[in-house]
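A short worksheet on the structure shown next.
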Amino acid sequence: MDKLFRKPVIIIWIILVFISIILLATKGLQFGVDFSGGTSFQIVLEQPVSSEDLLKTASVISKRLDWTGAKDVKVTPAGSQYLIAQLAESDPNEIAKLKSNILKQGRFEAVLDGNVLFSGDDIINIPKDPTKGYSLTVVDKKTGQSEWSVPFMLSPDAAKRFARMTFHKCMPIGMGGQSDYECDKTFFFIDRPVDSILIMDKALYLEEKEVPIVPESSYSNYISIDEIFAQLPKKPYIVDQNLTQEQVSSLLLDQNSGVYKVIVSPTVSEDVVNKLKELGFKVTILEKPENLPWIWEATGLKSIISLTPGIANMDVPTMESSRFQVFNSLTITGGGATLEEATQRRDELVLILESGSLPIPIESISTETISPYLGKDFLNYCLWIGLLVLLVVAIAMFVRYKHINLALPIILTCATEIIILLGVLSLLSFRLDLAGVTGILATIATGVDVNIIMIDELLKGEKKEQDAQVAKSSFISRLKKAFFIMFASAATMAATMLPIIFFSGGLGKLVGFAVTILLGTVIGILITRPVYAEIAKRNLEVSAQKHEQKGSQSSKGGSSSSVVSLSTPKQESEESSSVSSDSDKK
Amino acid sequence: MKLYKKENYKKWLFVPLIFFIVFVFLIFFHPGIEQGIDLKGGNQIILHYSDHRDYSSIASLLQSTYSLKEVEVSETKGITEYGLLVNYSVSPDLDLARTKEAEFNYNANIDTLKEESKALFQPLIEKGILDASVVEDISLILNKEDLKTFNEETLVLASDNFNKIVLDLVLDQLNLTQEDAKVQIREVAPTLGKDFLKSSLSIGITALVLLIVVVLLFFKKIIPSLLIIFSAFFDIFAGLSGMALFGLPLSLVTIPALLMLIGYSVDTDIMLTSRLLHEKHKDPIDSSNDAIKTGLTMTLTAIATMIVICVFSYLTQMSVVYEISLILVCGLVGDLIGTWLFNAPALISYVEKNKSKA
C-alpha cells in the first residue's frame, strides 16, 4: 500500500468522508423554507428577555401556531429578542390567520361546573423541580407505561376559592364502604368563548355526542358533549334545518343580556345563518379541524383533568372543620402508554398552564413565504451549480498547471470538503437555506485559493533547487509559509464571519451564510488542506524521483543516487509528520 | 513580461486612485445604493411563471388605487421562467391609522373612543381594505380594554388584507392563479428593519476591528497591515459600486456578501505580503512578479467560478445566490486592481525603504 495511506490526517480524512456519506444517506439534510416551501415568521419581542423566557415564548408560540402538533412547526429563538418560526404553509389566507393567532393573548381558565376555578393570572409558579413533585417515571418497564406529575402554585385567594369550589366534588363508588371515588372533572380552556353563543347542527352534535377525553390519543375514555356544554356561560344551541320559534326567542333573550356573537359549525344550513344575521348577530363560521372534535376547537378546550378525593377534602366532614385544607400548591398527575406519550402529555399541560400569556409582548411579525414548487426547483439548480463550479475549477487548474497530478487532487479535496461540510450540517440538523448553499459554493472557491498558494510554493522549489537535500529542507520551509498564509486567510475569514453569528440576533439569513462559510473554513484548515498538502507533496516527490532516476541512468554514479532516492521516503515521512502536527497545533 | 520594474512600479498607484474616485461617485452620487426592504421595512412579491405576461399596468394601478408612495415592478427572464418582482410600501391610509391608534388615549370616555375608532378605520373601509362590519363590531364592544385589543387586531388584519389585495391584483393583472404562479411573499416590519440595520452596523464595525487585529497579529508590522486593510476597503468599494451599477439594494443578503468579500479578497494581499516580508534574500520586485502569478491564478479562478454561479443563478432566478455572486465578482475584479496596482507597489516601496535604511 502507498505510504500516503498511513498518514494520520489522510486516515482521518477518509473516515470523515465515509461517516459523512453515511450521515447524508441515513439522516439526510434539513432544508429551510427556501427549499421546502412554506413560511417563516420573524418575530420581534418588545424587549430582550432571558434565554429561559425566550424558550418559553418559543414554545407558547409554537403551540399557538399548531395546537395538535400536526404541522411540523419549528420555532427557534435567535439572540435575546427574536424568534423565527418556520412551517410548511404558503397559502396567504392561512398565513394571515396564523399571524393573528400568534399575536392573540390566550386566556387560560380552569373551569368546574361552568365556574372559573382559577385562571392564568392565578398561577404564580410552575416549579420544574423534582423535589417539588415535578416528575416523570416509568411504572412498567416492559410496556414503558409511565406516570407524570406537574406541580403548580396558586395565589392565596385563588387557592381558597379552589378549595371551596371543589369541596366534596367526588362521589363514592364501589361497594361495601370502600373509599373509592369518582371525582368531577375540571376543564382547561384557552380563550373560552364567554361572549359568544355556539350554534351546532344536529348531525355534528350526534357525531360528537361522546368525545374522547384525550382527543389525539387512540386509546381514551369518553365524555359526553353535554358535560362540555355545561362549562360554557351560554348554553349552546342545536339546530336542524331552521331555528325553532323557541330558539329564536331564547336567542333574543341572550342578545338582550349583551351577547351579540355566535360561533356556528360549518354544516349549519344557510337559512339558519341568514336568520341569525337578521336577528342582529355577528356570525363566525368555524371550520372543523382535522384531528380534533369541533367542540374542542369551538370552546377552546385544551385538556380535561379529574379532581382527586384528597383535593376535594373528601375525608373532611364540612368546610368549617379544622381539618379542611386549602392547597396553595397543587399537582396534576397523569399517565401515558409509553414514556414518549407521557412526556408529550405532560409538556402539553405545562404549556397550557403557562400559555395564558407570553412573558413579553410581541412588537412585530415579519413574514416570508415561498411556494413549495419554487423551492424544489431551487434545490435542483443548486446541485447543478455545485457541479458546474467544480468543473470550472478543474478546467482552470488544468489550464494553469497542465499537471493532472496537481489539479486532480484539488478537485478531490474540494469535493470531499463539501461532503464533510454537508455531513456536519446533517449532524447539527442545520436548516439549509439558499444563503447557506451560497456559502458552501463560496467555500469551494476559497478552498481552491489556498491550494493554489500551496502548489505555487511547492513548484517554486522544484524548479529552482537542483540539489535533492537542499530541495527537501526548503520544501519544509515553503510548506510552512503556505500554511502561514492559509492560517492568516482563515483567520481573516473568521474575523469577518464571526460577528455575523454573534450580533445577528434574528437575522436568520445572515447566519446560514456565515455558519456554512466558517464550518467550511474550519474543515479546510483541519482536514482537507493538510490532506492536499500531503498528496501534492507525494506527487511532486514521485515525479522528482522519476526525474532523478532518469538523471541517474544517464550519469555515471548511478548507484549513489539510487541510495539517496531510497533514503528519501524515510526522511520525508518524518518531516511531513512534523509539518502536519505543526499545523494541528496552530 | 513583468508588471513591476525598478523604475516605474509606482506609476501603477494612479490606477487604483482613479478607480476609487469612480467608485465613490457610483456609490454616493450616481446611481447610488438603495436600502432593501430588509432594512427599511416593506413588502415584496416575487412571482415565477412560464410565459410572458403584460405587467405594465400593475404599478400605475397600485399607485392610483391605493396612493402608495413606492411601487417598483421589474421583470427578469430566466431560461424556463419569467420572474416578476413587485416591491411596495405600506398603504398610507394604513400607516396613518397605525400612527393615530398609537396616540389614542384609552383612558378617555368609551363612547368617544368608539367614535374615534370608527373614524380611524373609515378610510380603510372606503378603500376596501377592511370590511364595513368593523364599524358594527365597534358598536358592540362594551369596555375599553376590549376596544384596544380590537383596534390592534383590526390593524393587523388590515395589513394582511392589504397584502392579499395587492397579491390578488397582481395575479389578476397577469391573468394567473396562485397555483400557476410560484409565489414568494415577504413582509418586513419597519421595526425589524431598524433592528437589522442596527445589527448590521455592529457587525460591520466588529468585523473591521477583528480584521485589523488579525492582520496585525499575523504580520506584526503596522504599514504592511494597514495596506492590507486599505486594499480590503478598496474591494468593498468595488463590491458596492457593483451593487450601485446593477441596482442591488443593501440587504440581509448583500451585507454578508460584502463581508465575505473582505475575507475572500484579502487572501491575495496576505499571500503577497507574506512573500515580500518573508523572502528577505530576494528583491521585492522579483517577489512581487512571482506572487502575481499565484495571485492571478487565485483571483481569476475565483472570478470564473463566481461568474458561473452568477449567470446560472440569474437564469434560474435564485436572487439570493445571484446577488451574493454578483457582488463577489465585482469585488474580486476590484481586488485585482487593489492588490496588484495598489498593495503591491506600495509594499515594494515600503520594503525597499526599510532595506536602504538597514
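In the C-alpha cells, each chain is lettered A, B, ... as it comes, each chain's residues begin at 1, and ligands are numbered from 1 in order of appearance.
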Proximal residues of chain A relative to chain B (only C-alpha atoms; 7 Å) as a PyMOL selection string: chain A and resi 44+92+96+364-371+373-374+378+385+389+392-393+396+434-435+438+445-446+449+452-453+456+485+488-489+491-493+495-497+499-500+503-504+507+509-510
Those in stretch 69-214 of chain B with alpha helix (DSSP H) from DSSP, as a PyMOL selection string: chain B and resi 92-102+110-126+133-140+144-174+190-214
Of the listed residues A:Glu270, A:Glu147, A:Glu227, A:Glu290, that which approaches A:Glu341 most closely, counting only C-alpha atoms: A:Glu147
Spatial neighbours of B:Leu120, max dist 9 Å, only C-alpha atoms, sep filter under 6 positions, as a ChimeraX atom specification: /B:96-98,100-101
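Note that atom CA of B:His281 and atom CA of A:Glu541 are 25.9 Å apart.
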